[in-house]
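Peer 1: Just one file: model_19.cif, with mmCIF, C-alpha atoms.
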```
data_final
loop_
_atom_site.group_PDB
_atom_site.id
_atom_site.type_symbol
_atom_site.label_atom_id
_atom_site.label_comp_id
_atom_site.auth_asym_id
_atom_site.auth_seq_id
_atom_site.Cartn_x
_atom_site.Cartn_y
_atom_site.Cartn_z
ATOM 1 C CA MET H 1 110.068 114.649 62.213
ATOM 2 C CA PRO H 2 108.794 117.363 59.846
ATOM 3 C CA LEU H 3 107.706 120.671 61.319
ATOM 4 C CA ILE H 4 105.356 121.347 58.418
ATOM 5 C CA ARG H 5 103.535 118.181 57.452
ATOM 6 C CA ARG H 6 102.638 116.997 53.968
ATOM 7 C CA ASN H 7 99.380 118.430 52.569
ATOM 8 C CA THR H 8 99.414 121.383 54.986
ATOM 9 C CA LYS H 9 97.133 124.095 53.622
ATOM 10 C CA VAL H 10 98.783 127.342 52.644
ATOM 11 C CA PRO H 11 98.981 130.068 53.695
ATOM 12 C CA MET H 12 100.249 128.910 57.083
ATOM 13 C CA ILE H 13 102.503 129.963 59.947
ATOM 14 C CA LYS H 14 104.209 127.765 62.552
ATOM 15 C CA THR H 15 106.531 128.699 65.415
ATOM 16 C CA LYS H 16 108.987 126.522 67.306
ATOM 17 C CA ILE H 17 111.141 127.393 70.335
ATOM 18 C CA LEU H 18 114.706 126.059 70.148
ATOM 19 C CA SER H 19 117.118 125.423 73.022
ATOM 20 C CA ALA H 20 120.870 125.784 73.242
ATOM 21 C CA HIS H 21 122.644 122.733 71.803
ATOM 22 C CA SER H 22 125.685 123.172 74.048
ATOM 23 C CA ASP H 23 126.667 125.184 77.123
ATOM 24 C CA ASN H 24 127.478 128.873 76.514
ATOM 25 C CA GLN H 25 126.667 128.641 72.823
ATOM 26 C CA PRO H 26 127.550 132.035 71.184
ATOM 27 C CA GLY H 27 125.164 131.711 68.224
ATOM 28 C CA VAL H 28 122.635 129.550 66.419
ATOM 29 C CA SER H 29 122.820 128.061 62.948
ATOM 30 C CA ILE H 30 119.427 127.571 61.301
ATOM 31 C CA GLN H 31 119.168 125.166 58.350
ATOM 32 C CA VAL H 32 115.917 124.768 56.414
ATOM 33 C CA TYR H 33 115.274 121.417 54.719
ATOM 34 C CA ALA H 34 112.418 120.062 52.634
ATOM 35 C CA GLY H 35 111.540 116.406 52.939
ATOM 36 C CA GLU H 36 110.354 113.824 55.413
ATOM 37 C CA ARG H 37 113.338 111.517 55.677
ATOM 38 C CA ALA H 38 114.908 110.864 59.067
ATOM 39 C CA ARG H 39 118.394 112.122 58.166
ATOM 40 C CA THR H 40 118.945 115.676 56.978
ATOM 41 C CA LYS H 41 121.457 114.523 54.363
ATOM 42 C CA ASP H 42 118.592 112.673 52.652
ATOM 43 C CA ASN H 43 116.460 115.841 52.427
ATOM 44 C CA ASN H 44 116.838 118.969 50.275
ATOM 45 C CA LEU H 45 118.597 121.986 51.855
ATOM 46 C CA PHE H 46 116.564 125.098 51.008
ATOM 47 C CA GLY H 47 118.565 127.662 52.939
ATOM 48 C CA LYS H 48 120.585 128.405 56.025
ATOM 49 C CA PHE H 49 121.572 131.402 58.104
ATOM 50 C CA GLU H 50 123.262 132.321 61.369
ATOM 51 C CA LEU H 51 122.010 134.136 64.453
ATOM 52 C CA PRO H 52 125.250 135.227 66.165
ATOM 53 C CA GLY H 53 125.793 137.205 69.359
ATOM 54 C CA ILE H 54 123.291 135.526 71.636
ATOM 55 C CA PRO H 55 124.030 135.567 75.369
ATOM 56 C CA PRO H 56 125.652 132.433 76.802
ATOM 57 C CA ALA H 57 123.181 130.025 78.388
ATOM 58 C CA PRO H 58 123.269 126.480 79.728
ATOM 59 C CA ARG H 59 122.466 123.656 77.346
ATOM 60 C CA GLY H 60 118.748 123.009 76.965
ATOM 61 C CA VAL H 61 117.595 126.505 77.927
ATOM 62 C CA PRO H 62 115.022 127.667 75.355
ATOM 63 C CA HIS H 63 115.859 131.062 73.919
ATOM 64 C CA THR H 64 115.451 131.088 70.134
ATOM 65 C CA GLU H 65 112.040 131.399 68.474
ATOM 66 C CA VAL H 66 111.873 130.220 64.851
ATOM 67 C CA THR H 67 108.814 131.110 62.768
ATOM 68 C CA PHE H 68 108.082 129.346 59.491
ATOM 69 C CA SER H 69 105.495 130.901 57.207
ATOM 70 C CA ILE H 70 104.336 129.944 53.749
ATOM 71 C CA ASP H 71 102.256 132.533 51.926
ATOM 72 C CA ALA H 72 99.551 131.940 49.331
ATOM 73 C CA ASN H 73 102.206 132.005 46.572
ATOM 74 C CA GLY H 74 104.195 129.264 48.296
ATOM 75 C CA ILE H 75 107.015 131.577 49.409
ATOM 76 C CA LEU H 76 108.663 130.166 52.541
ATOM 77 C CA ASN H 77 109.939 132.684 55.101
ATOM 78 C CA VAL H 78 111.926 131.519 58.110
ATOM 79 C CA LEU H 79 112.572 134.060 60.891
ATOM 80 C CA ALA H 80 114.738 133.265 63.926
ATOM 81 C CA SER H 81 114.871 135.645 66.877
ATOM 82 C CA ASP H 82 116.636 135.466 70.207
ATOM 83 C CA LYS H 83 114.079 135.967 72.990
ATOM 84 C CA THR H 84 116.552 137.627 75.363
ATOM 85 C CA THR H 85 118.242 140.164 73.054
ATOM 86 C CA GLY H 86 115.652 140.551 70.324
ATOM 87 C CA LYS H 87 118.284 139.900 67.635
ATOM 88 C CA SER H 88 116.836 138.260 64.561
ATOM 89 C CA ASN H 89 117.713 136.999 61.104
ATOM 90 C CA CYS H 90 115.702 135.418 58.324
ATOM 91 C CA VAL H 91 115.801 133.577 55.018
ATOM 92 C CA THR H 92 113.261 133.550 52.200
ATOM 93 C CA VAL H 93 112.980 130.553 49.906
ATOM 94 C CA THR H 94 111.484 131.199 46.472
ATOM 95 C CA ASN H 95 111.208 129.122 43.350
ATOM 96 C CA ASN H 96 114.671 130.328 42.301
ATOM 97 C CA GLU H 97 116.397 128.646 45.249
ATOM 98 C CA GLY H 98 116.722 125.008 46.262
ATOM 99 C CA ARG H 99 115.179 123.787 43.011
ATOM 100 C CA LEU H 100 114.347 120.131 42.741
ATOM 101 C CA SER H 101 114.377 118.072 39.571
ATOM 102 C CA LYS H 102 111.068 117.138 37.922
ATOM 103 C CA GLU H 103 111.415 113.620 39.320
ATOM 104 C CA GLU H 104 112.035 114.948 42.837
ATOM 105 C CA ILE H 105 109.005 117.221 42.578
ATOM 106 C CA GLU H 106 106.766 114.400 41.408
ATOM 107 C CA SER H 107 107.946 112.150 44.236
ATOM 108 C CA GLY H 108 108.147 114.974 46.821
ATOM 109 C CA ASP H 109 105.706 116.132 49.455
ATOM 110 C CA ASP H 110 103.104 118.830 48.759
ATOM 111 C CA ALA H 111 104.814 121.477 50.927
ATOM 112 C CA THR H 112 107.998 121.056 48.863
ATOM 113 C CA VAL H 113 106.041 121.269 45.622
ATOM 114 C CA ALA H 114 104.304 124.459 46.804
ATOM 115 C CA CYS H 115 107.641 126.068 47.691
ATOM 116 C CA ILE H 116 109.303 125.129 44.415
ATOM 117 C CA ARG H 117 106.407 126.337 42.258
ATOM 118 C CA ALA H 118 106.098 129.612 44.138
ATOM 119 C CA LYS H 119 106.404 133.019 42.526
ATOM 120 C CA ASN H 120 109.239 135.327 43.509
ATOM 121 C CA GLY H 121 108.465 137.554 46.468
ATOM 122 C CA ASN H 122 109.219 138.197 50.142
ATOM 123 C CA LEU H 123 108.631 140.498 53.081
ATOM 124 C CA ARG H 124 110.986 143.180 51.754
ATOM 125 C CA ASN H 125 108.679 146.107 52.677
ATOM 126 C CA SER H 126 108.257 144.844 56.233
ATOM 127 C CA LEU H 127 111.991 144.348 56.665
ATOM 128 C CA GLU H 128 112.667 147.842 55.284
ATOM 129 C CA LYS H 129 110.186 149.282 57.816
ATOM 130 C CA LEU H 130 111.972 147.415 60.601
ATOM 131 C CA GLU H 131 115.378 148.628 59.368
ATOM 132 C CA ILE H 132 114.164 152.248 59.346
ATOM 133 C CA ALA H 133 112.783 151.915 62.894
ATOM 134 C CA VAL H 134 116.050 150.390 64.134
ATOM 135 C CA ASN H 135 118.190 153.076 62.464
ATOM 136 C CA GLU H 136 115.996 155.860 63.887
ATOM 137 C CA THR H 137 116.320 154.317 67.339
ATOM 138 C CA ILE H 138 120.093 154.045 67.019
ATOM 139 C CA ASP H 139 120.356 157.746 66.107
ATOM 140 C CA TRP H 140 117.752 158.889 68.652
ATOM 141 C CA PRO H 141 119.933 159.013 71.846
ATOM 142 C CA ASN H 142 122.389 161.385 70.146
ATOM 143 C CA SER H 143 119.778 164.115 69.617
ATOM 144 C CA SER H 144 119.621 165.205 73.326
ATOM 145 C CA GLN H 145 119.669 163.902 76.874
ATOM 146 C CA LYS H 146 116.849 161.472 77.569
ATOM 147 C CA THR H 147 115.028 160.383 80.713
ATOM 148 C CA SER H 148 114.537 156.729 81.611
ATOM 149 C CA GLU H 149 110.824 157.096 80.801
ATOM 150 C CA GLU H 150 111.702 158.342 77.298
ATOM 151 C CA TYR H 151 114.005 155.334 76.842
ATOM 152 C CA ASP H 152 111.258 152.970 78.001
ATOM 153 C CA ASP H 153 108.754 154.609 75.640
ATOM 154 C CA LYS H 154 111.166 154.378 72.693
ATOM 155 C CA LYS H 155 111.920 150.734 73.533
ATOM 156 C CA THR H 156 108.195 149.895 73.624
ATOM 157 C CA LYS H 157 107.631 151.612 70.263
ATOM 158 C CA LEU H 158 110.565 149.765 68.670
ATOM 159 C CA GLN H 159 109.391 146.417 70.035
ATOM 160 C CA ALA H 160 105.946 147.069 68.549
ATOM 161 C CA VAL H 161 107.320 147.235 64.982
ATOM 162 C CA PRO H 162 108.165 143.516 64.612
ATOM 163 C CA SER H 163 104.902 142.627 66.379
ATOM 164 C CA GLU H 164 102.946 144.685 63.827
ATOM 165 C CA ILE H 165 104.810 142.965 60.985
ATOM 166 C CA ILE H 166 104.024 139.487 62.339
ATOM 167 C CA GLN H 167 100.367 140.467 62.919
ATOM 168 C CA LYS H 168 100.085 141.714 59.334
ATOM 169 C CA LEU H 169 101.725 138.519 58.121
ATOM 170 C CA CYS H 170 99.313 136.391 60.150
ATOM 171 C CA GLY H 171 96.361 138.479 58.974
ATOM 172 C CA ALA H 172 97.400 138.107 55.358
ATOM 173 C CA MET H 173 97.737 134.366 55.821
ATOM 174 C CA SER H 174 94.305 133.761 57.326
#
```
If you took the structure in this file and wrote it as structure tokens, what would it be?
Peer 2:
Amino acid sequence: MPLIRRNTKVPMIKTKILSAHSDNQPGVSIQVYAGERARTKDNNLFGKFELPGIPPAPRGVPHTEVTFSIDANGILNVLASDKTTGKSNCVTVTNNEGRLSKEEIESGDDATVACIRAKNGNLRNSLEKLEIAVNETIDWPNSSQKTSEEYDDKKTKLQAVPSEIIQKLCGAMS
């Protein structure tokens, strides 16, 4: 069943919570397909990525949030983040990746067509901002001894960065 249905208006954003496929699973593999066929092998693979290092959990326990967003240019961004550790990874699909033939485009669904015809672009600035915040936080404890309140404050500020990025993304898409 498709997560993003045919003729969905862009820009759009959709989030899905995934559960562990097996007991004590050490990571998640995310594969992004375009198409509406029942079997993934009959659809077009746009991209894939891994989210390693997640804490072991029993099968069926939801812990990974996957956000799909398509901007006004048809650029597809897929972000997966572990809810317990905050680890995340993403893939951006532009018109240079996962290209379909002219026949496939003409027979394909509108979401696929929008992704294929999209201009190049991604959330590079937002990811750079997040990388800077993470690196500053990694270096921060080495500067001097910190109290637990200072750690809590720094943690809250770091957690706010991805939230701001998602809010800006949602604002730009509305």
Peer 1: Which of these, H:Ile138, H:Pro58, H:Ile30, H:Asp71, has the shortest distance to Lys9 in chain H once you count only C-alpha atoms?
Peer 2: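 Closest candidate: H:Asp71.
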Peer 1: Quick one, how far is CA of Ser69 in chain H from CA of Thr94 in chain H?
Peer 2: 12.3 Å
Peer 1: List every protein, DNA or RNA residue that has an atom no more than 10 Å from (118.5, 138.4, 64.5) in the file's coordinate frame, counting only C-alpha atoms, and report them as a VMD selection string.
Peer 2: chain H and resid 28 49 to 54 64 79 to 83 85 to 90
Peer 1: Go ahead and dump the residues you just picked, C-alpha atoms, as a tab-separated table (two decimals), in the frame of the given file.
Peer 2:
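Generated file (selection_17.tsv):
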```tsv
chain	number	residue	atom	x	y	z
H	28	VAL	CA	122.64	129.55	66.42
H	49	PHE	CA	121.57	131.40	58.10
H	50	GLU	CA	123.26	132.32	61.37
H	51	LEU	CA	122.01	134.14	64.45
H	52	PRO	CA	125.25	135.23	66.17
H	53	GLY	CA	125.79	137.21	69.36
H	54	ILE	CA	123.29	135.53	71.64
H	64	THR	CA	115.45	131.09	70.13
H	79	LEU	CA	112.57	134.06	60.89
H	80	ALA	CA	114.74	133.26	63.93
H	81	SER	CA	114.87	135.65	66.88
H	82	ASP	CA	116.64	135.47	70.21
H	83	LYS	CA	114.08	135.97	72.99
H	85	THR	CA	118.24	140.16	73.05
H	86	GLY	CA	115.65	140.55	70.32
H	87	LYS	CA	118.28	139.90	67.64
H	88	SER	CA	116.84	138.26	64.56
H	89	ASN	CA	117.71	137.00	61.10
H	90	CYS	CA	115.70	135.42	58.32
```
Peer 1: Considering all atoms listed in the file, state which residue in the set H:Ala160, H:Leu127, H:Leu45, H:Val93 is at the smallest distance from Val32 in chain H.
Peer 2: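 Checking each candidate against Val32 in chain H, we get H:Leu45 as the closest.
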Peer 1: Write out as a list in words the residues lying within 10 Å of Val134 in chain H, counting only C-alpha atoms and excluding same-chain residues fewer than 5 positions away.
Peer 2: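 Residues near the query, excluding close chain neighbours: Glu128, Lys129, Asp139, Trp140, Leu158, Gln159 and Val161 of chain H.
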Peer 1: For CA of Ser144 in chain H and CA of Ser163 in chain H, determine how far apart the two atoms are, in Å to one decimal place.
Peer 2: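 Between CA of Ser144 in chain H and CA of Ser163 in chain H the gap is 27.8 Å.
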Peer 1: Grab the CA of Val91 in chain H to CA of Lys154 in chain H distance for me, in Å with one decimal place.
Peer 2: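 Answer for the CA of Val91 in chain H to CA of Lys154 in chain H separation: 27.7 Å.
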Peer 1: Taking all atoms of range 64-82 of chain H that the file lists and extending 6 Å past them on each side, where is the centre of the axis-aligned box and how long are its edges? Answer in Å to one decimal, as AutoDock Vina command-line options.
Peer 2:
```
--center_x 108.1 --center_y 132.5 --center_z 58.4 --size_x 29.1 --size_y 18.4 --size_z 35.6
```
Peer 1: Determine the residue membership of the PyMOL selection byres ((chain H and resi 60) around 10) for the file above and supply it as a PyMOL selection string.
Peer 2: chain H and resi 18-23+57-59+61-63
Peer 1: Between H:Lys155, H:Asn7, H:Pro56, H:Asn44, which residue has the minimum interatomic distance to Gln25 in chain H, considering all atoms listed in the file?
Peer 2: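 Once distances to Gln25 in chain H are computed over all atoms listed in the file, the minimum belongs to H:Pro56.
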Peer 1: Measuring between all atoms listed in the file, which one of H:Lys14, H:Ser148, H:Gly47, H:Thr156 shows the shortest distance to Ser29 in chain H?
Peer 2: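 Using all atoms listed in the file, Ser29 in chain H sits closest to H:Gly47.
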Peer 1: Report the residues retrieved by the PyMOL selection byres ((chain H and resi 15) around 8) from the displayed file, expressed as number ranges by chain.
Peer 2: H: 13-14, 16-17, 65-68
Peer 1: Do you know which residues lie at most 7 Å from (108.6, 120.3, 57.7), with coordinates as in the file and all atoms listed in the file counted, and could you write them as a list of chain:residue names?
Peer 2: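 Counting all atoms listed in the file, I find these residues within 7 Å of (108.6, 120.3, 57.7): H:Pro2, H:Leu3, H:Ile4, H:Arg5, H:Ala34, H:Gly35.
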Peer 1: Give me a file of those residues, with C-alpha atoms, as an mmCIF file, in the frame of the given file.
Peer 2:
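The new file result10.cif reads:
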```cif
data_model
loop_
_atom_site.group_PDB
_atom_site.id
_atom_site.type_symbol
_atom_site.label_atom_id
_atom_site.label_comp_id
_atom_site.auth_asym_id
_atom_site.auth_seq_id
_atom_site.Cartn_x
_atom_site.Cartn_y
_atom_site.Cartn_z
ATOM 1 C CA PRO H 2 108.794 117.363 59.846
ATOM 2 C CA LEU H 3 107.706 120.671 61.319
ATOM 3 C CA ILE H 4 105.356 121.347 58.418
ATOM 4 C CA ARG H 5 103.535 118.181 57.452
ATOM 5 C CA ALA H 34 112.418 120.062 52.634
ATOM 6 C CA GLY H 35 111.540 116.406 52.939
#
```
Peer 1: For a quick check of understanding, using all atoms listed in the file, which of H:Glu149, H:Arg37, H:Thr92, H:Asp42 has the smallest distance to Ile70 in chain H?
Peer 2: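 Nearest to Ile70 in chain H: H:Thr92.
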